[in-house]
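One structure below.
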Amino acid sequence: MSNPYFSFKRFTVWHDRCAMKAGTDSVILGAYVSCDGVVRRILDVGAGCGILSLMMAQRFPEAEITGVEIDVEAACQARENAAASEWAGRIRMENCDFRLFEDECRFDLIVSNPPYFDNALVSPDGGRSVARHSVGLAYGELLAGASRLLAPQGKVWVIVPADAESAFCDCALNAGLLLTRRLGVVMKRGAAPKRAVLSFAKVACGYVDGTLAVREADGSYTEEYRRLVSDFYKNM
């Protein structure tokens, strides 16, 4: 049985009631996200157990964070995780379908570890299917909603499977979003990328491309990965 919680340096995430657990993808995304200027409002789409919301609260001390999660149990656990943290007053969780989510203000930063595997077989576990497949929220719907809620100078950040990157970028263009940054993530140095961290904006602001290797060939963590996640993992 997997551990029901994960302890970071400044917060603990319980995820035993969530279909998808806290994992490396969310940590990489949360640690790598950046945005020009002061960030005052952040939206976490598909918040799950709330790990990204908590990471954003730690990294952006002036920001108010809103998490949107469709699953009742996951949203409840995310609220509990936020309430137990030092940033309880800056995080709120909404249990709703993102396609129906409305807010009168716009967000400086939108983050999401979105549904994966459009063409994969759907899991017989209904909760895991909604969390892990695009049957619940298609890429196009995610990006259309993000574009609608994004401030004019804001950024959208996601992490997606490398083989879905092209389709995701096409959906972004259809939603009026331009790719501004890409980080190819390889699990072991020299291997092909397994994930891509992508940043989109409404206005052109240059383009940066990079690569992150999580482990060396011998299985040890790379120095660049250690530096990236050192503010969060206890033993880095």
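Going by the structure tokens order, chains are called A, B, ..., each with residues numbered from 1, while ligands are numbered from 1 in the order shown.
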Backbone DSSP call of strand (DSSP E or B) for region 23-218 of chain A, listed as a PyMOL selection string: chain A and resi 41-45+64-69+91-95+107-112+150-161+178-188+195-201+208-215
Taking the backbone alone, and naming residues the way the document does, which bits of region 105-233 of chain A are alpha helix (DSSP H) by DSSP, as a count of residues only? 35
Nearest to Glu80 (chain A), restricted to only C-alpha atoms and choosing among A:Ser53, A:Glu141, A:Cys96, A:Trp14, comes out as A:Trp14
Do you know which residues are at most 8 Å from Asp209 (chain A) counting only C-alpha atoms, after dropping those on the same chain fewer than 5 positions away, and could you put them as a ChimeraX atom specification? /A:181-184
Could you pull the residues within 8 Å of Phe200 (chain A), counting only C-alpha atoms, minus those fewer than 2 positions along the same chain, as a list in words?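 My reading of the contact set: Lys155, Val156, Trp157, Ala172, Leu177, Leu178, Leu179, Thr180, Arg181, Leu198 and Lys202 of chain A.
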What lies within 12 Å of Ala191 (chain A) using only C-alpha atoms, ignoring chain neighbours under 3 positions off, as an MDAnalysis selection string? chainID A and resid 184:188 194:195 211:217
Using only C-alpha atoms, determine which residues lie at most 12 Å from Ala22 (chain A), disregarding the query and same-chain residues fewer than 2 positions distant; provide the list as a PyMOL selection string. chain A and resi 2-8+12-20+24-30+47-55+74+78+113
If you count only C-alpha atoms, the residue of A:Leu43, A:Glu69, A:Cys169, A:Phe11 closest to Ser85 (chain A) turns out to be A:Phe11
Which residues are close to region 57-64 of chain A, i.e. within 7 Å by only C-alpha atoms, leaving aside same-chain residues fewer than 5 positions away? Reply as a count of residues only. 7
Using only C-alpha atoms, which residue out of A:Gly37, A:Gly140, A:Gly89, A:Gly46 lies closest to Ile110 (chain A)?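 Smallest distance to Ile110 (chain A) is found for A:Gly46.
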